[in-house]
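**Q** What follows is data-v3.txt, compact mmCIF, N, CA and C atoms.
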# COMPACT_ATOMS: atom_id res chain seq x y z
N MET W 1 113.43 72.39 1.24
CA MET W 1 112.72 71.20 1.64
C MET W 1 113.62 70.00 1.43
N ARG W 2 113.68 69.17 2.43
CA ARG W 2 114.51 67.96 2.35
C ARG W 2 113.87 66.94 1.42
N THR W 3 114.70 66.19 0.71
CA THR W 3 114.24 65.14 -0.20
C THR W 3 114.80 63.80 0.26
N ILE W 4 113.97 62.77 0.19
CA ILE W 4 114.39 61.43 0.59
C ILE W 4 113.78 60.41 -0.37
N ARG W 5 114.52 59.35 -0.62
CA ARG W 5 114.00 58.27 -1.46
C ARG W 5 112.96 57.49 -0.67
N ILE W 6 111.92 57.02 -1.34
CA ILE W 6 110.87 56.26 -0.67
C ILE W 6 111.45 55.05 0.05
N GLU W 7 112.40 54.38 -0.57
CA GLU W 7 113.01 53.20 0.04
C GLU W 7 113.67 53.56 1.38
N ASP W 8 114.37 54.69 1.41
CA ASP W 8 115.03 55.13 2.65
C ASP W 8 114.00 55.57 3.69
N ALA W 9 112.93 56.21 3.22
CA ALA W 9 111.88 56.64 4.15
C ALA W 9 111.22 55.44 4.81
N ALA W 10 111.03 54.37 4.06
CA ALA W 10 110.41 53.18 4.62
C ALA W 10 111.29 52.55 5.69
N LEU W 11 112.60 52.60 5.49
CA LEU W 11 113.52 52.00 6.45
C LEU W 11 113.62 52.81 7.74
N ALA W 12 113.41 54.11 7.64
CA ALA W 12 113.55 55.00 8.79
C ALA W 12 112.26 55.79 9.02
N PHE W 13 111.13 55.10 8.95
CA PHE W 13 109.85 55.79 8.98
C PHE W 13 109.64 56.61 10.25
N ASP W 14 110.03 56.08 11.40
CA ASP W 14 109.88 56.84 12.65
C ASP W 14 110.65 58.16 12.60
N GLN W 15 111.87 58.12 12.07
CA GLN W 15 112.67 59.34 11.97
C GLN W 15 112.05 60.32 10.96
N VAL W 16 111.49 59.79 9.89
CA VAL W 16 110.82 60.65 8.91
C VAL W 16 109.64 61.36 9.56
N LEU W 17 108.85 60.61 10.32
CA LEU W 17 107.70 61.21 11.00
C LEU W 17 108.14 62.30 11.97
N ASP W 18 109.24 62.09 12.66
CA ASP W 18 109.77 63.13 13.55
C ASP W 18 110.24 64.34 12.75
N ALA W 19 110.91 64.09 11.64
CA ALA W 19 111.48 65.18 10.83
C ALA W 19 110.40 66.06 10.20
N ILE W 20 109.27 65.48 9.80
CA ILE W 20 108.26 66.30 9.13
C ILE W 20 107.52 67.22 10.09
N GLN W 21 107.74 67.04 11.39
CA GLN W 21 107.15 67.99 12.34
C GLN W 21 107.82 69.35 12.22
N ASP W 22 109.07 69.37 11.74
CA ASP W 22 109.81 70.63 11.59
C ASP W 22 109.72 71.20 10.18
N ALA W 23 109.63 70.33 9.18
CA ALA W 23 109.60 70.82 7.79
C ALA W 23 109.04 69.70 6.89
N PRO W 24 108.33 70.08 5.85
CA PRO W 24 107.85 69.07 4.90
C PRO W 24 109.01 68.31 4.27
N MET W 25 108.71 67.13 3.78
CA MET W 25 109.74 66.30 3.16
C MET W 25 109.22 65.78 1.81
N ARG W 26 110.05 65.93 0.79
CA ARG W 26 109.72 65.46 -0.56
C ARG W 26 110.15 64.00 -0.67
N LEU W 27 109.25 63.13 -1.16
CA LEU W 27 109.56 61.72 -1.36
C LEU W 27 109.75 61.46 -2.85
N GLN W 28 110.82 60.73 -3.17
CA GLN W 28 111.13 60.44 -4.57
C GLN W 28 111.25 58.95 -4.82
N ARG W 29 110.84 58.56 -6.02
CA ARG W 29 111.05 57.20 -6.52
C ARG W 29 111.72 57.33 -7.88
N ASP W 30 112.83 56.64 -8.04
CA ASP W 30 113.59 56.70 -9.29
C ASP W 30 113.94 58.13 -9.68
N GLY W 31 114.24 58.96 -8.66
CA GLY W 31 114.66 60.33 -8.90
C GLY W 31 113.55 61.30 -9.24
N LYS W 32 112.29 60.84 -9.15
CA LYS W 32 111.15 61.71 -9.48
C LYS W 32 110.29 61.91 -8.24
N ASP W 33 109.82 63.14 -8.06
CA ASP W 33 108.94 63.44 -6.93
C ASP W 33 107.64 62.66 -7.07
N VAL W 34 107.24 62.00 -5.97
CA VAL W 34 105.97 61.27 -5.98
C VAL W 34 105.03 61.72 -4.87
N ALA W 35 105.57 62.38 -3.84
CA ALA W 35 104.73 62.83 -2.74
C ALA W 35 105.48 63.84 -1.89
N VAL W 36 104.72 64.53 -1.05
CA VAL W 36 105.29 65.41 -0.04
C VAL W 36 104.61 65.07 1.27
N MET W 37 105.40 64.82 2.29
CA MET W 37 104.86 64.55 3.63
C MET W 37 105.00 65.82 4.45
N LEU W 38 103.95 66.13 5.21
CA LEU W 38 104.00 67.31 6.06
C LEU W 38 103.22 67.04 7.34
N SER W 39 103.47 67.88 8.32
CA SER W 39 102.84 67.70 9.63
C SER W 39 101.35 68.04 9.55
N PRO W 40 100.56 67.48 10.46
CA PRO W 40 99.14 67.83 10.49
C PRO W 40 98.92 69.34 10.69
N ALA W 41 99.77 69.97 11.50
CA ALA W 41 99.62 71.41 11.74
C ALA W 41 99.80 72.21 10.45
N LEU W 42 100.82 71.86 9.68
CA LEU W 42 101.04 72.57 8.42
C LEU W 42 99.93 72.27 7.43
N TYR W 43 99.47 71.03 7.40
CA TYR W 43 98.36 70.66 6.52
C TYR W 43 97.12 71.50 6.84
N GLU W 44 96.79 71.62 8.11
CA GLU W 44 95.63 72.42 8.52
C GLU W 44 95.82 73.89 8.14
N MET W 45 97.05 74.38 8.30
CA MET W 45 97.33 75.77 7.94
C MET W 45 97.12 75.98 6.45
N LEU W 46 97.53 75.02 5.63
CA LEU W 46 97.36 75.14 4.19
C LEU W 46 95.91 75.07 3.77
N LEU W 47 95.11 74.34 4.54
CA LEU W 47 93.69 74.24 4.22
C LEU W 47 92.91 75.48 4.62
N ALA W 48 93.45 76.22 5.56
CA ALA W 48 92.77 77.41 6.05
C ALA W 48 92.57 78.40 4.91
N GLU W 49 91.43 78.98 4.90
CA GLU W 49 91.13 79.98 3.88
C GLU W 49 91.86 81.28 4.18
N PRO W 50 92.44 81.89 3.17
CA PRO W 50 93.04 83.22 3.40
C PRO W 50 91.93 84.23 3.67
N PRO W 51 92.26 85.34 4.24
CA PRO W 51 91.25 86.37 4.50
C PRO W 51 90.45 86.68 3.23
N THR W 52 89.14 86.83 3.37
CA THR W 52 88.26 86.98 2.22
C THR W 52 88.49 88.27 1.45
N GLU W 53 89.09 89.26 2.06
CA GLU W 53 89.29 90.53 1.36
C GLU W 53 90.45 90.48 0.36
N LEU W 54 91.20 89.39 0.35
CA LEU W 54 92.32 89.27 -0.59
C LEU W 54 91.82 88.94 -2.00
N THR W 55 92.51 89.47 -2.96
CA THR W 55 92.21 89.12 -4.34
C THR W 55 92.70 87.70 -4.61
N PRO W 56 92.21 87.03 -5.65
CA PRO W 56 92.69 85.67 -5.94
C PRO W 56 94.20 85.57 -6.09
N ARG W 57 94.83 86.53 -6.73
CA ARG W 57 96.29 86.49 -6.90
C ARG W 57 97.00 86.60 -5.55
N LEU W 58 96.52 87.51 -4.71
CA LEU W 58 97.12 87.64 -3.38
C LEU W 58 96.88 86.38 -2.54
N ALA W 59 95.72 85.77 -2.69
CA ALA W 59 95.43 84.54 -1.96
C ALA W 59 96.40 83.45 -2.37
N THR W 60 96.71 83.35 -3.66
CA THR W 60 97.67 82.36 -4.15
C THR W 60 99.05 82.63 -3.56
N LEU W 61 99.46 83.88 -3.58
CA LEU W 61 100.77 84.23 -3.00
C LEU W 61 100.80 83.97 -1.50
N PHE W 62 99.70 84.23 -0.82
CA PHE W 62 99.60 83.97 0.61
C PHE W 62 99.80 82.49 0.90
N LYS W 63 99.12 81.62 0.17
CA LYS W 63 99.27 80.18 0.38
C LYS W 63 100.69 79.73 0.06
N ARG W 64 101.28 80.24 -1.02
CA ARG W 64 102.64 79.87 -1.35
C ARG W 64 103.60 80.31 -0.25
N SER W 65 103.36 81.48 0.29
CA SER W 65 104.19 81.99 1.39
C SER W 65 104.12 81.05 2.59
N LEU W 66 102.94 80.53 2.88
CA LEU W 66 102.80 79.59 4.01
C LEU W 66 103.65 78.35 3.79
N VAL W 67 103.71 77.87 2.57
CA VAL W 67 104.50 76.67 2.27
C VAL W 67 105.99 76.99 2.31
N GLU W 68 106.38 78.04 1.60
CA GLU W 68 107.81 78.34 1.45
C GLU W 68 108.45 78.85 2.73
N ARG W 69 107.66 79.49 3.56
CA ARG W 69 108.23 80.10 4.77
C ARG W 69 107.71 79.47 6.05
N ALA W 70 107.23 78.24 5.95
CA ALA W 70 106.64 77.57 7.12
C ALA W 70 107.61 77.50 8.28
N GLU W 71 108.88 77.20 8.00
CA GLU W 71 109.86 77.11 9.07
C GLU W 71 110.04 78.44 9.79
N VAL W 72 110.03 79.52 9.04
CA VAL W 72 110.17 80.86 9.64
C VAL W 72 108.96 81.16 10.51
N TYR W 73 107.75 80.86 10.00
CA TYR W 73 106.55 81.14 10.77
C TYR W 73 106.53 80.32 12.06
N ARG W 74 106.96 79.05 12.00
CA ARG W 74 107.00 78.22 13.19
C ARG W 74 108.02 78.77 14.19
N ALA W 75 109.17 79.20 13.70
CA ALA W 75 110.20 79.76 14.59
C ALA W 75 109.68 81.03 15.27
N LEU W 76 108.99 81.86 14.53
CA LEU W 76 108.42 83.08 15.12
C LEU W 76 107.37 82.74 16.17
N ALA W 77 106.56 81.73 15.89
CA ALA W 77 105.54 81.32 16.86
C ALA W 77 106.19 80.78 18.13
N ARG W 78 107.25 79.97 17.98
CA ARG W 78 107.97 79.46 19.15
C ARG W 78 108.59 80.60 19.94
N TYR W 79 109.20 81.54 19.23
CA TYR W 79 109.82 82.70 19.89
C TYR W 79 108.78 83.46 20.70
N LYS W 80 107.65 83.72 20.09
CA LYS W 80 106.60 84.48 20.78
C LYS W 80 106.08 83.71 21.99
N ALA W 81 105.93 82.39 21.86
CA ALA W 81 105.41 81.58 22.97
C ALA W 81 106.42 81.48 24.12
N GLU W 82 107.71 81.53 23.81
CA GLU W 82 108.74 81.30 24.82
C GLU W 82 109.22 82.57 25.50
N ARG W 83 109.08 83.71 24.85
CA ARG W 83 109.63 84.93 25.45
C ARG W 83 108.66 85.50 26.48
N PRO W 84 109.19 86.20 27.46
CA PRO W 84 108.31 86.80 28.48
C PRO W 84 107.43 87.89 27.86
N LYS W 85 106.26 88.04 28.40
CA LYS W 85 105.35 89.09 27.93
C LYS W 85 105.91 90.45 28.29
N SER W 86 105.73 91.40 27.37
CA SER W 86 106.16 92.78 27.65
C SER W 86 104.94 93.68 27.61
N ALA W 87 105.12 94.92 27.97
CA ALA W 87 104.03 95.88 27.95
C ALA W 87 103.51 96.08 26.53
N ASP W 88 104.36 95.90 25.52
CA ASP W 88 103.95 96.06 24.13
C ASP W 88 103.00 94.96 23.67
N ASP W 89 103.02 93.80 24.31
CA ASP W 89 102.18 92.67 23.93
C ASP W 89 100.73 92.84 24.35
N GLN W 90 100.48 93.77 25.24
CA GLN W 90 99.12 93.90 25.77
C GLN W 90 98.29 94.88 25.05
Can you present the structure in this file as structure tokens?
**A**
Amino acid sequence: MRTIRIEDAALAFDQVLDAIQDAPMRLQRDGKDVAVMLSPALYEMLLAEPPTELTPRLATLFKRSLVERAEVYRALARYKAERPKSADDQ
């Protein structure tokens, strides 16, 4: 996850907003984390309830996986959306 100082984020806010569409961004003040900015899509994904059949520990790991591997999941989704349909997809 990319880290940026709040002062720098304020100066380049439009670029920050564009960047968080691809990956969350950690905001720091005086070298300490104060916030994390993320896209609405990722926020909604994090709010989504994991499947009810999961145990609490697995649900925690599932949510952590969504955060840590969000870029991979987005890349897979783009790949699936962009590639031609095959007989296996049906």
**Q** Would you mind reading off the distance between atom C of W:Leu47 and atom N of W:Lys80, one decimal, in Å?
**A** 22.9 Å
**Q** So, with only N, CA and C atoms as the atoms that count, which of W:Met37, W:Ile6, W:Leu46, W:Ala75 lies closest to W:Ala23?
**A**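 For W:Ala23, the nearest of the candidates is W:Met37.
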**Q** Would you please give, as a PyMOL selection string, all residues of chain W that DSSP assigns to strand (DSSP E) based on the backbone?
**A** chain W and resi 2-5+25-29+32-37
**Q** Please report the interatomic distance between atom CA of W:Glu44 and atom CA of W:Val67 in Å with one decimal.
**A**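 Distance reported for this atom pair: 11.7 Å.
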**Q** Which residue is closest to W:Ala19? Choose from W:Leu38, W:Leu61, W:Ala81, W:Ala48 and count all atoms listed in the file.
**A** W:Leu38
**Q** Quote the spacing between atom CA of W:Leu58 and atom CA of W:Val36 in Å to one decimal place.
**A**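 Answer for the atom CA of W:Leu58 to atom CA of W:Val36 separation: 23.9 Å.
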**Q** Please list, as a list of chain:residue names, the residues that have an atom at most 8 Å away from (110.2, 73.4, 1.8) in the coordinates of this file, counting only C-alpha atoms.
**A**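 Protein, DNA and RNA residues close to (110.2, 73.4, 1.8): W:Met1, W:Arg2, W:Ala23, W:Pro24, W:Met25, W:Val67, W:Glu68, W:Arg69, W:Ala70.
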**Q** Here is a test: counting only N, CA and C atoms, which residue of W:Glu7, W:Ser65, W:Leu76, W:Arg57 is nearest to W:Gln28?
**A**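 Nearest candidate to W:Gln28 out of W:Glu7, W:Ser65, W:Leu76, W:Arg57: W:Glu7.
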